[in-house]
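Trainee: My file is coords32.pdb. It has PDB, C-alpha atoms and all ligand atoms:
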```pdb
MODEL        1
ATOM      1  CA  MET A   1       0.000   0.000   0.000  1.00  0.00           C
ATOM      2  CA  SER A   2       1.418   3.336  -0.982  1.00  0.00           C
ATOM      3  CA  ILE A   3       0.373   5.661   1.795  1.00  0.00           C
ATOM      4  CA  THR A   4       1.577   8.976   2.968  1.00  0.00           C
ATOM      5  CA  ARG A   5       1.974  10.728   6.248  1.00  0.00           C
ATOM      6  CA  PRO A   6       1.675   8.022   8.853  1.00  0.00           C
ATOM      7  CA  PRO A   7       1.499   9.781  12.251  1.00  0.00           C
ATOM      8  CA  GLY A   8       4.882  11.097  13.313  1.00  0.00           C
ATOM      9  CA  ARG A   9       6.563  10.384   9.981  1.00  0.00           C
ATOM     10  CA  PRO A  10       6.810  13.277   7.552  1.00  0.00           C
ATOM     11  CA  GLY A  11       6.773  12.582   3.834  1.00  0.00           C
ATOM     12  CA  ARG A  12       5.348   9.711   1.872  1.00  0.00           C
ATOM     13  CA  TRP A  13       5.695   6.177   3.134  1.00  0.00           C
ATOM     14  CA  ASP A  14       4.767   2.710   1.959  1.00  0.00           C
ATOM     15  CA  VAL A  15       2.876   0.435   4.312  1.00  0.00           C
ATOM     16  CA  SER A  16       2.862  -3.317   3.975  1.00  0.00           C
ATOM     17  CA  ILE A  17      -0.200  -5.115   5.316  1.00  0.00           C
ATOM     18  CA  THR A  18      -0.470  -8.847   5.793  1.00  0.00           C
ATOM     19  CA  GLY A  19      -3.891 -10.066   6.822  1.00  0.00           C
ATOM     20  CA  ASP A  20      -5.170  -7.495   9.281  1.00  0.00           C
ATOM     21  CA  ARG A  21      -1.729  -6.379  10.475  1.00  0.00           C
ATOM     22  CA  ILE A  22       0.690  -3.673   9.412  1.00  0.00           C
ATOM     23  CA  THR A  23       3.927  -5.558   8.889  1.00  0.00           C
ATOM     24  CA  GLU A  24       6.257  -2.894   7.545  1.00  0.00           C
ATOM     25  CA  VAL A  25       6.468   0.860   7.086  1.00  0.00           C
ATOM     26  CA  ALA A  26       9.252   2.338   4.946  1.00  0.00           C
ATOM     27  CA  PRO A  27       9.783   5.209   2.522  1.00  0.00           C
ATOM     28  CA  THR A  28       9.821   2.623  -0.276  1.00  0.00           C
ATOM     29  CA  LEU A  29       9.179  -1.069   0.211  1.00  0.00           C
ATOM     30  CA  PRO A  30      11.613  -3.223  -1.797  1.00  0.00           C
ATOM     31  CA  HIS A  31       9.269  -6.116  -2.511  1.00  0.00           C
ATOM     32  CA  PRO A  32       6.234  -6.059  -4.807  1.00  0.00           C
ATOM     33  CA  ALA A  33       2.798  -6.319  -3.253  1.00  0.00           C
ATOM     34  CA  ALA A  34       0.063  -8.695  -4.341  1.00  0.00           C
ATOM     35  CA  GLN A  35      -2.313  -5.747  -4.222  1.00  0.00           C
ATOM     36  CA  THR A  36      -1.518  -2.052  -4.145  1.00  0.00           C
ATOM     37  CA  LEU A  37      -3.673   0.857  -3.047  1.00  0.00           C
ATOM     38  CA  ASP A  38      -2.508   4.370  -3.824  1.00  0.00           C
ATOM     39  CA  ALA A  39      -3.752   6.568  -0.985  1.00  0.00           C
ATOM     40  CA  GLN A  40      -2.794   9.659  -3.001  1.00  0.00           C
ATOM     41  CA  GLY A  41      -1.246  11.531  -0.126  1.00  0.00           C
ATOM     42  CA  ASN A  42      -4.055  10.986   2.347  1.00  0.00           C
ATOM     43  CA  LEU A  43      -3.458  10.574   6.049  1.00  0.00           C
ATOM     44  CA  LEU A  44      -3.126   7.084   7.498  1.00  0.00           C
ATOM     45  CA  ILE A  45      -4.859   6.682  10.848  1.00  0.00           C
ATOM     46  CA  PRO A  46      -6.042   3.722  12.900  1.00  0.00           C
ATOM     47  CA  GLY A  47      -9.672   2.642  12.585  1.00  0.00           C
ATOM     48  CA  LEU A  48     -12.077   4.748  14.616  1.00  0.00           C
ATOM     49  CA  VAL A  49     -13.750   3.374  17.731  1.00  0.00           C
ATOM     50  CA  ASP A  50     -17.220   4.422  18.835  1.00  0.00           C
ATOM     51  CA  GLY A  51     -17.169   3.719  22.534  1.00  0.00           C
ATOM     52  CA  HIS A  52     -20.744   4.732  23.298  1.00  0.00           C
ATOM     53  CA  ILE A  53     -23.700   4.249  21.007  1.00  0.00           C
ATOM     54  CA  HIS A  54     -27.280   3.044  21.401  1.00  0.00           C
ATOM     55  CA  LEU A  55     -27.909   1.030  18.251  1.00  0.00           C
ATOM     56  CA  ASP A  56     -31.317  -0.032  19.516  1.00  0.00           C
ATOM     57  CA  LYS A  57     -32.499   3.588  19.688  1.00  0.00           C
ATOM     58  CA  ALA A  58     -30.630   4.934  16.659  1.00  0.00           C
ATOM     59  CA  LEU A  59     -32.325   6.780  13.792  1.00  0.00           C
ATOM     60  CA  ILE A  60     -35.634   7.541  15.490  1.00  0.00           C
ATOM     61  CA  LEU A  61     -35.508  11.327  15.302  1.00  0.00           C
ATOM     62  CA  ASP A  62     -37.718  11.282  12.197  1.00  0.00           C
ATOM     63  CA  ARG A  63     -40.424   9.566  14.241  1.00  0.00           C
ATOM     64  CA  TYR A  64     -40.572  12.309  16.806  1.00  0.00           C
ATOM     65  CA  PRO A  65     -38.582  15.461  16.211  1.00  0.00           C
ATOM     66  CA  ALA A  66     -37.120  16.933  19.365  1.00  0.00           C
ATOM     67  CA  LEU A  67     -39.304  19.933  20.046  1.00  0.00           C
ATOM     68  CA  ASP A  68     -37.846  21.036  23.389  1.00  0.00           C
ATOM     69  CA  GLY A  69     -34.496  19.359  22.957  1.00  0.00           C
ATOM     70  CA  THR A  70     -34.404  18.475  26.630  1.00  0.00           C
ATOM     71  CA  PHE A  71     -33.232  15.282  28.265  1.00  0.00           C
ATOM     72  CA  ASN A  72     -36.654  14.759  29.834  1.00  0.00           C
ATOM     73  CA  GLU A  73     -38.317  15.063  26.429  1.00  0.00           C
ATOM     74  CA  ALA A  74     -35.885  12.522  25.009  1.00  0.00           C
ATOM     75  CA  LEU A  75     -36.608  10.064  27.812  1.00  0.00           C
ATOM     76  CA  ARG A  76     -40.377  10.501  27.530  1.00  0.00           C
ATOM     77  CA  GLU A  77     -40.589  10.299  23.756  1.00  0.00           C
ATOM     78  CA  THR A  78     -38.097   7.472  23.422  1.00  0.00           C
ATOM     79  CA  LEU A  79     -40.195   5.471  25.869  1.00  0.00           C
ATOM     80  CA  ASN A  80     -43.252   6.158  23.710  1.00  0.00           C
ATOM     81  CA  LEU A  81     -41.435   5.196  20.518  1.00  0.00           C
ATOM     82  CA  LYS A  82     -40.016   2.024  22.055  1.00  0.00           C
ATOM     83  CA  GLN A  83     -43.543   0.640  22.213  1.00  0.00           C
ATOM     84  CA  SER A  84     -43.486   0.286  18.419  1.00  0.00           C
ATOM     85  CA  PHE A  85     -39.992  -1.210  18.204  1.00  0.00           C
ATOM     86  CA  THR A  86     -39.721  -4.686  16.717  1.00  0.00           C
ATOM     87  CA  VAL A  87     -36.725  -6.934  16.209  1.00  0.00           C
ATOM     88  CA  ASP A  88     -36.766  -6.189  12.454  1.00  0.00           C
ATOM     89  CA  ASP A  89     -37.088  -2.453  13.044  1.00  0.00           C
ATOM     90  CA  ILE A  90     -34.144  -2.398  15.452  1.00  0.00           C
ATOM     91  CA  GLN A  91     -32.051  -4.532  13.112  1.00  0.00           C
ATOM     92  CA  ASN A  92     -32.780  -2.307  10.118  1.00  0.00           C
ATOM     93  CA  ARG A  93     -31.866   0.872  11.968  1.00  0.00           C
ATOM     94  CA  ALA A  94     -28.752  -0.679  13.512  1.00  0.00           C
ATOM     95  CA  LYS A  95     -27.622  -1.948  10.128  1.00  0.00           C
ATOM     96  CA  GLN A  96     -27.907   1.540   8.626  1.00  0.00           C
ATOM     97  CA  VAL A  97     -25.855   3.029  11.452  1.00  0.00           C
ATOM     98  CA  ILE A  98     -23.206   0.320  11.191  1.00  0.00           C
ATOM     99  CA  GLU A  99     -22.907   0.773   7.426  1.00  0.00           C
ATOM    100  CA  ARG A 100     -22.543   4.541   7.827  1.00  0.00           C
ATOM    101  CA  ALA A 101     -19.985   4.090  10.604  1.00  0.00           C
ATOM    102  CA  ILE A 102     -17.900   1.743   8.495  1.00  0.00           C
ATOM    103  CA  ALA A 103     -18.041   4.169   5.563  1.00  0.00           C
ATOM    104  CA  PHE A 104     -16.524   6.835   7.821  1.00  0.00           C
ATOM    105  CA  GLY A 105     -13.768   4.588   9.178  1.00  0.00           C
ATOM    106  CA  THR A 106     -15.236   3.089  12.334  1.00  0.00           C
ATOM    107  CA  THR A 107     -13.925  -0.382  12.973  1.00  0.00           C
ATOM    108  CA  ALA A 108     -15.266  -1.084  16.460  1.00  0.00           C
ATOM    109  CA  MET A 109     -18.300  -0.118  18.518  1.00  0.00           C
ATOM    110  CA  ARG A 110     -19.541  -0.531  22.043  1.00  0.00           C
ATOM    111  CA  THR A 111     -23.320  -0.324  22.062  1.00  0.00           C
ATOM    112  CA  HIS A 112     -25.667  -0.121  24.968  1.00  0.00           C
ATOM    113  CA  VAL A 113     -28.815  -2.211  24.702  1.00  0.00           C
ATOM    114  CA  GLU A 114     -31.871  -1.624  26.818  1.00  0.00           C
ATOM    115  CA  VAL A 115     -33.820  -4.404  28.436  1.00  0.00           C
ATOM    116  CA  ASP A 116     -37.022  -3.266  30.072  1.00  0.00           C
ATOM    117  CA  PRO A 117     -40.726  -4.135  30.293  1.00  0.00           C
ATOM    118  CA  THR A 118     -41.435  -2.158  27.093  1.00  0.00           C
ATOM    119  CA  VAL A 119     -38.993  -3.840  24.697  1.00  0.00           C
ATOM    120  CA  GLY A 120     -38.223  -6.922  26.735  1.00  0.00           C
ATOM    121  CA  LEU A 121     -35.349  -8.726  25.062  1.00  0.00           C
ATOM    122  CA  ASP A 122     -36.180  -7.546  21.523  1.00  0.00           C
ATOM    123  CA  ALA A 123     -33.189  -5.237  21.315  1.00  0.00           C
ATOM    124  CA  MET A 124     -30.857  -7.995  22.473  1.00  0.00           C
ATOM    125  CA  LYS A 125     -32.378 -10.386  19.934  1.00  0.00           C
ATOM    126  CA  ALA A 126     -32.095  -7.770  17.189  1.00  0.00           C
ATOM    127  CA  LEU A 127     -28.485  -6.908  17.833  1.00  0.00           C
ATOM    128  CA  ASP A 128     -27.245 -10.369  18.709  1.00  0.00           C
ATOM    129  CA  GLY A 129     -25.004 -11.135  15.801  1.00  0.00           C
ATOM    130  CA  GLU A 130     -26.228  -8.244  13.651  1.00  0.00           C
ATOM    131  CA  ALA A 131     -22.799  -6.703  13.552  1.00  0.00           C
ATOM    132  CA  ALA A 132     -20.812  -9.903  13.829  1.00  0.00           C
ATOM    133  CA  GLY A 133     -18.441 -10.281  10.937  1.00  0.00           C
ATOM    134  CA  VAL A 134     -19.000  -6.707   9.820  1.00  0.00           C
ATOM    135  CA  ILE A 135     -17.633  -4.628  12.649  1.00  0.00           C
ATOM    136  CA  GLY A 136     -16.140  -5.477  15.993  1.00  0.00           C
ATOM    137  CA  TYR A 137     -18.616  -4.630  18.731  1.00  0.00           C
ATOM    138  CA  THR A 138     -19.641  -5.411  22.242  1.00  0.00           C
ATOM    139  CA  ALA A 139     -23.085  -4.960  23.706  1.00  0.00           C
ATOM    140  CA  GLU A 140     -23.624  -3.705  27.226  1.00  0.00           C
ATOM    141  CA  THR A 141     -27.095  -4.412  28.535  1.00  0.00           C
ATOM    142  CA  PHE A 142     -28.768  -2.214  31.052  1.00  0.00           C
ATOM    143  CA  GLN A 143     -32.223  -2.241  32.478  1.00  0.00           C
ATOM    144  CA  THR A 144     -34.374   0.842  32.339  1.00  0.00           C
ATOM    145  CA  PRO A 145     -37.578   1.547  34.197  1.00  0.00           C
ATOM    146  CA  SER A 146     -40.680   1.994  32.073  1.00  0.00           C
TER     147      SER A 146
HETATM  148 ZN    ZN A 201     -25.660   6.484  26.407  1.00  0.00          ZN
ENDMDL
END
```
For the file at hand, write its structure as structure tokens.
Mentor:
Amino acid sequence: MSITRPPGRPGRWDVSITGDRITEVAPTLPHPAAQTLDAQGNLLIPGLVDGHIHLDKALILDRYPALDGTFNEALRETLNLKQSFTVDDIQNRAKQVIERAIAFGTTAMRTHVEVDPTVGLDAMKALDGEAAGVIGYTAETFQTPS
């Protein structure tokens, strides 16, 4: 891979990748690569990590626009909206968020998943394995009062 400007290294550098690991960084690599990507002077950075997301409640603003923009409004209206959540609905919204995140360089996520009397285990069922094989993620479950 012909990449430029790895952090802390001025100028253009070549980066050799084997599997999912960087194996060599040099101004010019002496051996030919099986596949080459010309990064055209762009910055090389590690994959982004989203350490706090709620995939089960993502992309619902179009269902109830925040009128007050307050935390209490968000809690109240999210609780109302959760009553219409289904496993398919949660999966579809989560998939859209994951695809967008990947497109912008995110390689790992830590999502919170609510378990409560309103959604029961639907969010867990929806997200269990949804992101597996696509993006590294962990799910943290917490219980919320309804
Ligand atoms: Zn949160």
Trainee: Could you report the residues within 7 Å of ligand ZN 201 (chain A), using all atoms listed in the file, as a PDB file with C-alpha atoms, in the coordinates of the input?
Mentor:
```
ATOM      1  CA  HIS A  52     -20.744   4.732  23.298  1.00  0.00           C
ATOM      2  CA  ILE A  53     -23.700   4.249  21.007  1.00  0.00           C
ATOM      3  CA  HIS A  54     -27.280   3.044  21.401  1.00  0.00           C
ATOM      4  CA  HIS A 112     -25.667  -0.121  24.968  1.00  0.00           C
TER       5      HIS A 112
END
```
Trainee: Please compute the atom CA of Gln91 of chain A-atom CA of Val113 of chain A distance, one decimal, in Å.
Mentor: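 Spanning atom CA of Gln91 of chain A to atom CA of Val113 of chain A is a straight-line distance of 12.3 Å.
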Trainee: Specify as a PyMOL selection string each residue included when the PyMOL selection byres (((chain A and resi 34) around 12) and not hetatm) is applied to this file.
Mentor: chain A and resi 1+16-19+31-33+35-37
Trainee: May I have the selected residues written with C-alpha atoms, as a PDB file, in the coordinates of the input?
Mentor:
```
ATOM      1  CA  MET A   1       0.000   0.000   0.000  1.00  0.00           C
ATOM      2  CA  SER A  16       2.862  -3.317   3.975  1.00  0.00           C
ATOM      3  CA  ILE A  17      -0.200  -5.115   5.316  1.00  0.00           C
ATOM      4  CA  THR A  18      -0.470  -8.847   5.793  1.00  0.00           C
ATOM      5  CA  GLY A  19      -3.891 -10.066   6.822  1.00  0.00           C
ATOM      6  CA  HIS A  31       9.269  -6.116  -2.511  1.00  0.00           C
ATOM      7  CA  PRO A  32       6.234  -6.059  -4.807  1.00  0.00           C
ATOM      8  CA  ALA A  33       2.798  -6.319  -3.253  1.00  0.00           C
ATOM      9  CA  GLN A  35      -2.313  -5.747  -4.222  1.00  0.00           C
ATOM     10  CA  THR A  36      -1.518  -2.052  -4.145  1.00  0.00           C
ATOM     11  CA  LEU A  37      -3.673   0.857  -3.047  1.00  0.00           C
TER      12      LEU A  37
END
```
Trainee: Report, in Å with one decimal, the straight-line distance from atom CA of Arg63 of chain A to atom CA of Thr118 of chain A.
Mentor: 17.4 Å
Trainee: Please list as number ranges by chain every residue within 12 Å of Leu79 of chain A, counting all atoms listed in the file and excluding residues in the same chain fewer than 5 positions away.
Mentor: A: 57, 60, 64, 72-74, 84-85, 114, 116-119, 144-146
Trainee: How far is it from atom CA of Asp122 of chain A to atom CA of Arg110 of chain A, in Å with one decimal?
Mentor: 18.1 Å
Trainee: Using all atoms listed in the file, pick whichever of A:Ile102, A:Val25, A:Leu121, A:Ala108 has the shortest atom-to-atom distance to Val87 of chain A.
Mentor: A:Leu121
Trainee: Give the centre and edge lengths of an axis-aligned box, in Å to one decimal, that holds all listed atoms of segment 88-99 of chain A with 8 Å on each side, as AutoDock Vina command-line options.
Mentor:
```
--center_x -30.0 --center_y -1.6 --center_z 11.4 --size_x 30.2 --size_y 25.2 --size_z 24.0
```
Trainee: Which one is closest to Gln83 of chain A: A:Thr23, A:Gly120, A:Gly11, A:Gly47? Count only C-alpha atoms.
Mentor: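 The closest residue to Gln83 of chain A is A:Gly120.
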Trainee: At a cut-off of 8 Å, using all atoms listed in the file, what residues contact Pro27 of chain A? Leave out same-chain residues fewer than 3 positions from it and give the result as a ChimeraX atom specification.
Mentor: /A:12-14
Trainee: Taking the file as shown, find all residues satisfying the PyMOL selection byres (((chain A and resi 96) around 12) and not hetatm) and write them as a CSV table (one decimal) with C-alpha atoms, in the coordinates of the input.
Mentor:
```
chain,number,residue,atom,x,y,z
A,55,LEU,CA,-27.9,1.0,18.3
A,56,ASP,CA,-31.3,0.0,19.5
A,58,ALA,CA,-30.6,4.9,16.7
A,59,LEU,CA,-32.3,6.8,13.8
A,60,ILE,CA,-35.6,7.5,15.5
A,89,ASP,CA,-37.1,-2.5,13.0
A,90,ILE,CA,-34.1,-2.4,15.5
A,91,GLN,CA,-32.1,-4.5,13.1
A,92,ASN,CA,-32.8,-2.3,10.1
A,93,ARG,CA,-31.9,0.9,12.0
A,94,ALA,CA,-28.8,-0.7,13.5
A,95,LYS,CA,-27.6,-1.9,10.1
A,97,VAL,CA,-25.9,3.0,11.5
A,98,ILE,CA,-23.2,0.3,11.2
A,99,GLU,CA,-22.9,0.8,7.4
A,100,ARG,CA,-22.5,4.5,7.8
A,101,ALA,CA,-20.0,4.1,10.6
A,102,ILE,CA,-17.9,1.7,8.5
A,103,ALA,CA,-18.0,4.2,5.6
A,130,GLU,CA,-26.2,-8.2,13.7
A,131,ALA,CA,-22.8,-6.7,13.6
```
Trainee: Taking all atoms listed in the file into account, name the residue in A:Ala123, A:Leu48, A:Ala39, A:Thr28 that is nearest to Lys82 of chain A.
Mentor: A:Ala123
